[in-house]
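Student: What follows is data05.cif, made up of mmCIF, C-alpha atoms:
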data_run
#
loop_
_atom_site.label_atom_id
_atom_site.label_comp_id
_atom_site.auth_asym_id
_atom_site.auth_seq_id
_atom_site.Cartn_x
_atom_site.Cartn_y
_atom_site.Cartn_z
CA MET A 228 45.36 -24.64 -16.79
CA GLN A 229 43.55 -22.47 -19.30
CA THR A 230 40.23 -23.78 -18.08
CA ASP A 231 41.13 -22.94 -14.50
CA ASN A 232 42.28 -19.44 -15.45
CA SER A 233 39.15 -18.73 -17.49
CA SER A 234 36.95 -19.95 -14.69
CA THR A 235 38.87 -17.79 -12.28
CA ASP A 236 38.52 -14.75 -14.56
CA SER A 237 34.82 -15.37 -15.06
CA SER A 238 34.31 -15.63 -11.34
CA LYS A 239 35.99 -12.27 -10.95
CA ARG A 240 33.81 -10.71 -13.63
CA SER A 241 30.59 -12.24 -12.31
CA PRO A 242 30.65 -12.39 -8.53
CA ILE A 243 28.29 -14.80 -6.89
CA LEU A 244 25.37 -12.91 -5.44
CA PRO A 245 23.65 -14.02 -2.25
CA PRO A 246 20.37 -15.83 -2.81
CA ARG A 247 17.31 -13.64 -2.85
CA PRO A 248 15.31 -13.97 0.35
CA SER A 249 12.00 -15.74 0.17
CA LEU A 250 8.88 -13.69 -0.50
CA VAL A 251 6.97 -15.54 2.22
CA ASN A 252 8.15 -13.16 4.92
CA GLU A 253 7.32 -10.13 2.75
CA ARG A 254 3.80 -11.41 2.10
CA SER A 255 3.30 -12.16 5.78
CA LEU A 256 4.46 -8.64 6.60
CA TRP A 257 1.95 -7.16 4.15
CA PHE A 258 -0.87 -9.24 5.66
CA ILE A 259 0.00 -7.66 9.00
CA VAL A 260 0.61 -4.09 7.77
CA PHE A 261 -2.51 -3.85 5.59
CA PRO A 262 -5.19 -4.35 8.31
CA ILE A 263 -3.24 -2.15 10.71
CA ALA A 264 -3.09 0.63 8.11
CA LEU A 265 -6.79 0.18 7.38
CA ILE A 266 -7.80 0.39 11.04
CA TRP A 267 -5.52 3.38 11.62
CA SER A 268 -6.97 5.18 8.59
CA ALA A 269 -10.52 4.53 9.75
CA ARG A 270 -9.73 5.97 13.18
CA GLN A 271 -7.98 9.02 11.68
CA THR A 272 -10.95 9.85 9.46
CA GLY A 273 -13.49 9.21 12.22
CA ILE A 274 -15.32 6.36 10.49
CA GLY A 275 -17.50 4.54 12.99
CA GLU A 276 -17.36 7.37 15.50
CA GLY A 277 -20.80 8.88 15.50
CA GLU A 278 -23.36 9.28 12.74
CA TRP A 279 -21.85 9.17 9.25
CA LEU A 280 -25.05 8.65 7.24
CA ASN A 281 -27.76 11.31 7.21
CA LEU A 282 -30.97 9.48 6.45
CA GLY A 283 -32.77 12.79 6.10
CA GLY A 284 -30.81 13.47 2.91
CA LEU A 285 -31.92 10.30 1.12
CA PRO A 286 -34.92 11.96 -0.58
CA GLN A 287 -32.59 14.57 -2.07
CA VAL A 288 -30.21 11.84 -3.25
CA ARG A 289 -33.12 9.99 -4.85
CA GLU A 290 -34.26 13.19 -6.55
CA PHE A 291 -30.75 13.73 -7.90
CA PHE A 292 -30.49 10.29 -9.50
CA GLN A 293 -34.05 10.40 -10.81
CA ALA A 294 -33.12 13.58 -12.68
CA ALA A 295 -30.61 11.52 -14.68
CA LEU A 296 -33.54 9.91 -16.56
CA HIS A 297 -35.08 13.24 -17.56
CA PRO A 298 -32.36 15.88 -18.01
CA ASN A 299 -33.15 19.38 -19.16
CA LEU A 300 -33.46 19.25 -22.96
CA ASN A 301 -34.60 22.81 -23.42
CA ARG A 302 -33.24 24.21 -26.67
CA ASP A 303 -31.63 27.25 -25.07
CA PHE A 304 -30.00 25.17 -22.34
CA LEU A 305 -28.76 22.62 -24.88
CA GLN A 306 -27.14 25.44 -26.80
CA LEU A 307 -25.53 26.68 -23.57
CA THR A 308 -24.35 23.13 -22.84
CA ALA A 309 -22.81 22.81 -26.30
CA GLN A 310 -20.91 26.07 -25.87
CA ALA A 311 -19.66 25.02 -22.42
CA THR A 312 -18.62 21.61 -23.78
CA LEU A 313 -16.60 23.16 -26.60
CA LYS A 314 -14.94 25.55 -24.18
CA THR A 315 -14.01 22.67 -21.86
CA LEU A 316 -12.64 20.75 -24.85
CA ALA A 317 -10.59 23.77 -25.94
CA TYR A 318 -9.09 24.14 -22.45
CA ALA A 319 -8.24 20.43 -22.41
CA ILE A 320 -6.58 20.57 -25.84
CA CYS A 321 -4.49 23.62 -24.90
CA GLY A 322 -3.43 22.14 -21.57
CA THR A 323 -2.67 18.75 -23.11
CA THR A 324 -0.57 20.36 -25.86
CA PHE A 325 1.73 22.00 -23.32
CA SER A 326 1.76 18.97 -21.02
CA LEU A 327 2.76 16.62 -23.85
CA PHE A 328 5.53 18.98 -24.90
CA LEU A 329 6.84 19.11 -21.33
CA GLY A 330 6.31 15.36 -21.01
CA CYS A 331 8.29 14.53 -24.14
CA VAL A 332 11.24 16.72 -23.19
CA GLY A 333 11.16 15.84 -19.50
CA GLY A 334 10.53 12.17 -20.23
CA VAL A 335 13.75 11.86 -22.21
CA PHE A 336 15.91 13.71 -19.69
CA SER A 337 14.32 11.98 -16.69
CA SER A 338 14.87 8.50 -18.15
CA GLU A 339 17.86 6.54 -16.96
CA ILE A 340 18.54 5.10 -20.41
CA TRP A 341 19.14 8.57 -21.88
CA TRP A 342 22.01 9.27 -19.50
CA ARG A 343 23.29 5.70 -19.70
CA SER A 344 23.32 5.88 -23.50
CA ARG A 345 25.84 8.70 -23.31
CA SER A 346 28.40 6.10 -22.08
CA SER A 347 28.77 4.51 -18.67
CA ARG A 348 31.34 7.08 -17.56
CA ALA A 349 29.02 9.96 -18.46
CA PHE A 350 26.21 8.22 -16.62
CA ARG A 351 28.26 8.23 -13.44
CA VAL A 352 29.09 11.90 -13.95
CA ASN A 353 25.49 12.91 -14.78
CA LEU A 354 23.84 10.78 -12.08
CA LYS A 355 23.30 13.85 -9.91
CA THR A 356 21.75 15.69 -12.85
CA TRP A 357 19.39 12.78 -13.53
CA LEU A 358 18.31 12.60 -9.89
CA ALA A 359 17.90 16.39 -9.78
CA ILE A 360 15.58 16.31 -12.80
CA ARG A 361 13.49 13.54 -11.25
CA GLY A 362 13.30 15.51 -8.00
CA ILE A 363 12.28 18.75 -9.73
CA LEU A 364 9.52 16.96 -11.66
CA SER A 365 8.13 15.48 -8.43
CA ILE A 366 7.25 18.95 -7.12
CA PRO A 367 4.62 20.08 -9.67
CA ARG A 368 2.99 16.66 -9.95
CA ALA A 369 2.55 16.46 -6.18
CA ILE A 370 0.25 19.52 -6.24
CA HIS A 371 -3.30 19.16 -7.55
CA GLU A 372 -4.33 21.17 -10.58
CA MET A 373 -7.02 22.91 -8.52
CA VAL A 374 -4.31 24.24 -6.18
CA TRP A 375 -2.26 25.35 -9.18
CA GLY A 376 -5.36 27.11 -10.49
CA LEU A 377 -5.80 29.04 -7.26
CA PHE A 378 -2.08 29.81 -7.30
CA PHE A 379 -2.18 31.23 -10.83
CA VAL A 380 -5.35 33.22 -10.13
CA ASN A 381 -3.36 35.24 -7.61
CA ILE A 382 -0.83 36.06 -10.32
CA PHE A 383 -2.83 36.39 -13.56
CA GLY A 384 -6.34 37.02 -12.26
CA LEU A 385 -9.37 35.40 -13.90
CA ASP A 386 -7.72 34.85 -17.27
CA PRO A 387 -7.97 31.72 -19.48
CA ILE A 388 -4.23 31.30 -19.10
CA VAL A 389 -4.90 30.15 -15.53
CA GLY A 390 -6.81 27.06 -16.67
CA ILE A 391 -4.22 26.18 -19.31
CA LEU A 392 -1.23 26.47 -16.98
CA ALA A 393 -3.04 24.69 -14.15
CA ILE A 394 -3.45 21.67 -16.44
CA ALA A 395 -0.13 21.91 -18.29
CA LEU A 396 2.25 22.15 -15.34
CA PRO A 397 1.23 19.19 -13.13
CA PHE A 398 0.16 17.01 -16.06
CA GLY A 399 3.41 17.79 -17.87
CA ALA A 400 5.39 16.57 -14.85
CA ILE A 401 3.22 13.45 -14.56
CA THR A 402 3.58 12.74 -18.28
CA ALA A 403 7.36 13.18 -18.08
CA LYS A 404 7.50 10.68 -15.21
CA VAL A 405 5.45 8.08 -17.08
CA PHE A 406 7.18 8.66 -20.42
CA GLY A 407 10.55 8.25 -18.71
CA ASP A 408 9.43 4.97 -17.12
CA ILE A 409 8.13 3.69 -20.46
CA LEU A 410 11.45 4.47 -22.15
CA ASP A 411 13.37 2.76 -19.35
CA GLU A 412 11.21 -0.37 -19.69
CA THR A 413 11.62 -0.57 -23.48
CA PRO A 414 14.08 -3.22 -24.78
CA ARG A 415 17.49 -1.60 -25.18
CA GLU A 416 19.29 -4.01 -27.53
CA PRO A 417 18.54 -2.03 -30.74
CA LEU A 418 19.62 1.18 -29.02
CA TYR A 419 22.93 -0.30 -27.90
CA ALA A 420 23.51 -1.71 -31.37
CA LEU A 421 23.17 1.73 -32.94
CA LEU A 422 25.32 3.37 -30.25
CA ASN A 423 28.06 0.80 -30.77
CA ALA A 424 27.90 1.55 -34.50
CA GLY A 425 28.73 5.19 -33.79
CA VAL A 426 25.23 6.70 -34.06
CA SER A 427 24.61 9.75 -31.87
CA PRO A 428 22.37 9.24 -28.80
CA ILE A 429 19.60 11.45 -30.23
CA ASN A 430 19.43 9.58 -33.53
CA ALA A 431 19.72 6.26 -31.76
CA PHE A 432 16.75 7.21 -29.59
CA LEU A 433 14.68 8.32 -32.57
CA TYR A 434 15.32 5.19 -34.64
CA SER A 435 15.32 2.47 -31.98
CA LEU A 436 13.72 3.30 -28.63
CA ILE A 437 10.98 5.73 -29.69
CA PRO A 438 9.41 3.45 -32.36
CA GLN A 439 9.22 0.59 -29.87
CA ALA A 440 7.75 2.73 -27.11
CA PHE A 441 5.44 4.74 -29.39
CA PRO A 442 2.24 2.66 -28.84
CA GLY A 443 2.61 2.98 -25.07
CA LEU A 444 3.39 6.67 -25.29
CA LEU A 445 0.40 7.23 -27.57
CA SER A 446 -1.97 5.33 -25.31
CA TYR A 447 -0.90 7.31 -22.26
CA ALA A 448 -1.12 10.59 -24.18
CA PHE A 449 -4.78 9.89 -24.94
CA TYR A 450 -5.39 8.88 -21.33
CA ARG A 451 -3.85 12.15 -20.19
CA PHE A 452 -6.13 13.97 -22.65
CA GLU A 453 -9.16 12.35 -20.98
CA CYS A 454 -7.84 13.48 -17.60
CA SER A 455 -7.39 17.00 -18.98
CA ILE A 456 -11.07 17.10 -19.96
CA ARG A 457 -12.15 16.23 -16.43
CA SER A 458 -9.67 18.69 -14.94
CA ALA A 459 -10.83 21.43 -17.31
CA ALA A 460 -14.38 20.84 -16.07
CA VAL A 461 -13.23 21.03 -12.43
CA LEU A 462 -11.20 24.20 -13.05
CA GLY A 463 -14.33 25.82 -14.43
CA ILE A 464 -15.50 26.12 -10.83
CA ILE A 465 -12.83 28.75 -10.10
CA GLY A 466 -14.02 30.88 -13.00
CA ALA A 467 -12.36 29.31 -16.05
CA GLY A 468 -15.77 28.72 -17.63
CA GLY A 469 -17.00 25.65 -19.46
CA LEU A 470 -18.92 22.71 -18.03
CA GLY A 471 -17.52 23.13 -14.52
CA TYR A 472 -18.75 26.70 -14.23
CA GLN A 473 -22.24 25.76 -15.41
CA LEU A 474 -22.31 22.72 -13.11
CA ASN A 475 -21.47 24.93 -10.16
CA LEU A 476 -24.30 27.33 -11.00
CA SER A 477 -26.82 24.49 -11.42
CA LEU A 478 -25.71 22.84 -8.18
CA LYS A 479 -26.08 26.02 -6.16
CA SER A 480 -29.65 26.41 -7.41
CA LEU A 481 -30.39 22.64 -6.95
CA ARG A 482 -31.37 22.28 -10.61
CA TYR A 483 -30.58 18.59 -10.96
CA GLU A 484 -32.05 18.27 -14.45
CA GLU A 485 -29.60 20.89 -15.70
CA MET A 486 -26.77 19.22 -13.84
CA TRP A 487 -27.44 15.91 -15.56
CA THR A 488 -27.56 17.56 -18.95
CA LEU A 489 -24.09 18.93 -18.29
CA LEU A 490 -22.89 15.64 -16.81
CA TRP A 491 -24.10 13.64 -19.81
CA ALA A 492 -22.27 16.10 -22.06
CA LEU A 493 -19.08 15.51 -20.08
CA VAL A 494 -19.54 11.74 -20.30
CA LEU A 495 -20.17 11.98 -24.03
CA LEU A 496 -17.08 14.11 -24.52
CA SER A 497 -14.88 11.64 -22.60
CA GLY A 498 -16.40 8.74 -24.53
CA MET A 499 -15.63 10.39 -27.85
CA VAL A 500 -11.98 10.84 -26.83
CA ASP A 501 -11.80 7.18 -25.78
CA PHE A 502 -13.34 6.12 -29.10
CA TRP A 503 -10.84 8.29 -30.97
CA SER A 504 -8.00 6.76 -28.97
CA ALA A 505 -9.20 3.24 -29.78
CA SER A 506 -9.50 4.04 -33.48
CA VAL A 507 -5.98 5.51 -33.62
CA ARG A 508 -4.53 2.51 -31.80
CA HIS A 509 -6.39 0.24 -34.18
CA GLY A 510 -4.99 2.24 -37.08
CA ILE A 511 -1.41 1.57 -36.02
CA GLY A 512 -2.15 -2.09 -35.32
CA ALA A 513 -2.55 -1.93 -31.53
CA PRO A 514 -6.32 -2.09 -30.88
CA SER A 515 -6.02 -2.96 -27.21
CA ARG A 516 -4.40 -1.13 -24.32
CA LEU A 517 -3.03 -4.51 -23.25
CA ASP A 518 -1.41 -5.08 -26.66
CA LEU A 519 1.06 -2.25 -26.78
CA ASN A 520 4.39 -3.96 -27.33
CA ALA A 521 5.95 -3.89 -30.75
CA GLY A 522 6.31 -7.65 -30.95
CA LYS A 523 2.56 -8.17 -31.25
CA LEU A 524 2.08 -5.56 -33.95
CA LYS A 525 3.28 -7.95 -36.63
CA GLY A 526 0.59 -9.28 -38.87
CA ARG A 527 -1.95 -6.59 -37.99
CA SER A 528 -3.50 -4.44 -40.67
CA ILE A 529 -2.46 -0.80 -40.41
CA ASP A 530 -4.85 1.94 -41.47
CA SER A 531 -2.45 4.71 -42.48
CA ARG A 532 -5.24 6.87 -43.86
CA GLY A 533 -7.02 6.95 -40.50
CA SER A 534 -3.78 7.90 -38.75
CA VAL A 535 -3.16 10.68 -41.26
CA ARG A 536 -6.70 12.00 -40.77
CA SER A 537 -6.18 12.00 -37.00
CA LEU A 538 -2.91 13.88 -37.45
CA TRP A 539 -4.59 16.53 -39.60
CA GLY A 540 -7.40 16.74 -37.06
CA VAL A 541 -4.89 17.43 -34.28
CA LEU A 542 -3.09 20.05 -36.37
CA LEU A 543 -6.44 21.78 -36.92
CA LEU A 544 -7.84 21.49 -33.40
CA VAL A 545 -4.80 22.85 -31.57
CA PRO A 546 -4.66 26.33 -33.16
CA VAL A 547 -8.47 26.59 -33.19
CA SER A 548 -8.56 25.76 -29.47
CA PHE A 549 -5.97 28.40 -28.59
CA TRP A 550 -7.93 30.92 -30.63
CA ALA A 551 -11.23 29.95 -28.98
CA VAL A 552 -9.84 30.14 -25.45
CA GLY A 553 -8.29 33.55 -26.07
CA ALA A 554 -5.63 33.35 -23.36
CA ASP A 555 -3.39 36.37 -22.97
CA PHE A 556 0.07 34.78 -22.95
CA GLY A 557 1.57 38.26 -22.88
CA LYS A 558 0.90 38.27 -19.13
CA LEU A 559 3.75 35.79 -18.76
CA TRP A 560 6.24 38.54 -19.61
CA GLN A 561 4.71 41.44 -17.70
CA PRO A 562 6.82 42.95 -14.87
CA ARG A 563 3.90 42.56 -12.46
CA THR A 564 3.98 38.79 -12.99
CA TYR A 565 7.66 38.60 -12.03
CA VAL A 566 7.06 40.71 -8.92
CA LEU A 567 4.16 38.53 -7.71
CA LEU A 568 6.01 35.32 -8.55
CA GLY A 569 9.07 36.55 -6.68
CA ASP A 570 6.99 37.33 -3.60
CA ILE A 571 5.44 33.86 -3.67
CA LEU A 572 8.80 32.12 -4.10
CA GLN A 573 10.28 34.17 -1.27
CA ALA A 574 7.42 33.09 0.98
CA ALA A 575 7.92 29.47 -0.13
CA PHE A 576 11.54 29.46 1.03
CA SER A 577 10.75 31.19 4.31
CA PRO A 578 7.61 29.46 5.62
CA ASP A 579 5.99 30.12 8.97
CA ARG A 580 7.61 27.47 11.17
CA SER A 581 5.06 27.98 13.94
CA LYS A 582 2.47 26.20 11.79
CA PHE A 583 4.49 23.02 11.37
CA ALA A 584 3.03 21.33 14.45
CA ALA A 585 -0.51 21.85 13.16
CA LEU A 586 0.45 20.21 9.86
CA VAL A 587 1.19 16.83 11.45
CA PRO A 588 -2.45 15.80 12.11
CA LEU A 589 -3.50 17.26 8.76
CA CYS A 590 -0.87 15.15 6.98
CA ALA A 591 -2.03 12.09 8.92
CA GLN A 592 -5.65 12.71 7.88
CA THR A 593 -4.61 13.20 4.26
CA LEU A 594 -2.66 9.94 4.31
CA ALA A 595 -5.56 8.12 5.96
CA MET A 596 -8.05 9.38 3.38
CA SER A 597 -5.67 8.33 0.61
CA VAL A 598 -5.39 4.81 2.03
CA LEU A 599 -9.17 4.40 2.30
CA ALA A 600 -9.71 5.89 -1.15
CA MET A 601 -7.15 3.52 -2.71
CA VAL A 602 -8.73 0.52 -0.99
CA GLY A 603 -12.15 1.53 -2.28
CA ALA A 604 -10.77 2.18 -5.76
CA GLY A 605 -8.97 -1.16 -5.75
CA LEU A 606 -12.09 -3.07 -4.75
CA GLY A 607 -14.12 -1.25 -7.39
CA ALA A 608 -11.48 -1.97 -10.03
CA ILE A 609 -11.49 -5.68 -9.17
CA LEU A 610 -15.27 -5.86 -9.48
CA LEU A 611 -15.55 -3.80 -12.67
CA SER A 612 -12.39 -4.78 -14.53
CA PHE A 613 -13.82 -8.12 -15.68
CA THR A 614 -16.83 -6.52 -17.35
CA ALA A 615 -14.72 -3.68 -18.75
CA ALA A 616 -12.08 -5.98 -20.28
#
Can you present the structure in this file as structure tokens?

Tutor:
Amino acid sequence: MQTDNSSTDSSKRSPILPPRPSLVNERSLWFIVFPIALIWSARQTGIGEGEWLNLGGLPQVREFFQAALHPNLNRDFLQLTAQATLKTLAYAICGTTFSLFLGCVGGVFSSEIWWRSRSSRAFRVNLKTWLAIRGILSIPRAIHEMVWGLFFVNIFGLDPIVGILAIALPFGAITAKVFGDILDETPREPLYALLNAGVSPINAFLYSLIPQAFPGLLSYAFYRFECSIRSAAVLGIIGAGGLGYQLNLSLKSLRYEEMWTLLWALVLLSGMVDFWSASVRHGIGAPSRLDLNAGKLKGRSIDSRGSVRSLWGVLLLVPVSFWAVGADFGKLWQPRTYVLLGDILQAAFSPDRSKFAALVPLCAQTLAMSVLAMVGAGLGAILLSFTAA
């Protein structure tokens, strides 16, 4: 009788779930949807409708790539390139500093495990708060940093603070999203053990979840730093200075040798960051991006001195970068800023509804270009990933 009762109780606690449907139908559906989406995207973007390759421009393309073999190595221009490179690096460091701060705070509060760790009852109560935070973070990361730059130019003018905020805000939201996902995917058994022992959620996070997730968080932080360098170069086009500003001037005057000098400087700068990232990961015992779980860190030699040097380097570079950029953060508190921001927010909540119909084809074209770009990027990744691994 006891066996029957226990089996009955267990059946009540663990209801039998319906079998998961086969993936064959899902795969067949994708084989049908993918070519349809590809054909639709090609028609939306006008590929195959008329001339899409201008053969008359091939000599100019050949001249551009030939200039890569003999860039401008004039001493004065090299000095200008070095100054622009340092300015781009300073912008990237400042923007990454704010984005990582926002990412760390937002990553914790946007993670499901944070709210669940505060007890199951609290998780049910705070579910709306968790979803609201995720929804708020989706807004800034959906807007490109170039658009944010143009937005902040209207408020602050051509000030270095524009470039910093244009990087910090969308990248901070993206970092928070990824950090939250990393925390949610980290094994939770040590966290639950500490919580059951009476440890506060904050301390339990710091001593269980964060150490396990740290290699993944560190790797993504360096990746985001590389993205900040490229974005800082792009934002230079709108007047922030640096490599992007000089590239724009050289492009307008068709000085390809100068362009390649600046491009090689940008490539070198990104390569140095990637090398630094690899050395730091090697120092903590995770030399590969594919080897970022704590279980495989055992038995690896840890170079604590290299990690300490990197930490001191960061503590030195951050204040020097803010000093070099010279952004006027006092503009954040000026009354004029609040007035302009209020006008923009008022316009955002009362848009011109007559323009909605014209947005439909534009949204379709944007989606079509995204599909084609992702297909091209996926094919390129498949071809290049084997040699890059």

Student: Nearest to Leu490 of chain A among A:Asn423, A:Thr356, A:Ser326, A:Asn475, with distances taken over all atoms listed in the file: which residue is it?

Tutor: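 Using all atoms listed in the file, the shortest distance to Leu490 of chain A belongs to A:Asn475.
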
Student: Select all residues near (-3.9, 27.2, -11.8) (cut-off 12 Å, inclusive, file coordinates), counting all atoms listed in the file, and output them as a PyMOL selection string.

Tutor: chain A and resi 322+367+370-398+458-459+461-467

Student: Tell me, in Å to one decimal, how far atom CA of Ser548 of chain A is from atom CA of Thr324 of chain A.

Tutor: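 Value for the atom CA of Ser548 of chain A-atom CA of Thr324 of chain A distance: 10.3 Å.
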
Student: Name the closest residue to Ser497 of chain A among the candidates A:Val288, A:Ala294, A:Leu410, A:Ala460; distances are taken between atoms, counting all atoms listed in the file.

Tutor: A:Ala460

Student: Would you list the contacts of segment 331-338 of chain A as a ChimeraX atom specification, taking every protein, DNA or RNA residue within 7 Å and counting all atoms listed in the file, but skipping same-chain residues closer than 5 positions in sequence?

Tutor: /A:357,360-361,403-404,406-408,410-411

Student: So which residues get picked by the PyMOL selection byres ((chain A and resi 417) around 9) here, written as an mmCIF file with C-alpha atoms, keeping the file's coordinate frame?

Tutor:
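The result, written out as selection_2.cif:
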data_model
loop_
_atom_site.group_PDB
_atom_site.id
_atom_site.type_symbol
_atom_site.label_atom_id
_atom_site.label_comp_id
_atom_site.auth_asym_id
_atom_site.auth_seq_id
_atom_site.Cartn_x
_atom_site.Cartn_y
_atom_site.Cartn_z
ATOM 1 C CA PRO A 414 14.080 -3.220 -24.780
ATOM 2 C CA ARG A 415 17.490 -1.600 -25.180
ATOM 3 C CA GLU A 416 19.290 -4.010 -27.530
ATOM 4 C CA LEU A 418 19.620 1.180 -29.020
ATOM 5 C CA TYR A 419 22.930 -0.300 -27.900
ATOM 6 C CA ALA A 420 23.510 -1.710 -31.370
ATOM 7 C CA LEU A 421 23.170 1.730 -32.940
ATOM 8 C CA LEU A 422 25.320 3.370 -30.250
ATOM 9 C CA ALA A 431 19.720 6.260 -31.760
ATOM 10 C CA TYR A 434 15.320 5.190 -34.640
ATOM 11 C CA SER A 435 15.320 2.470 -31.980
ATOM 12 C CA LEU A 436 13.720 3.300 -28.630
#
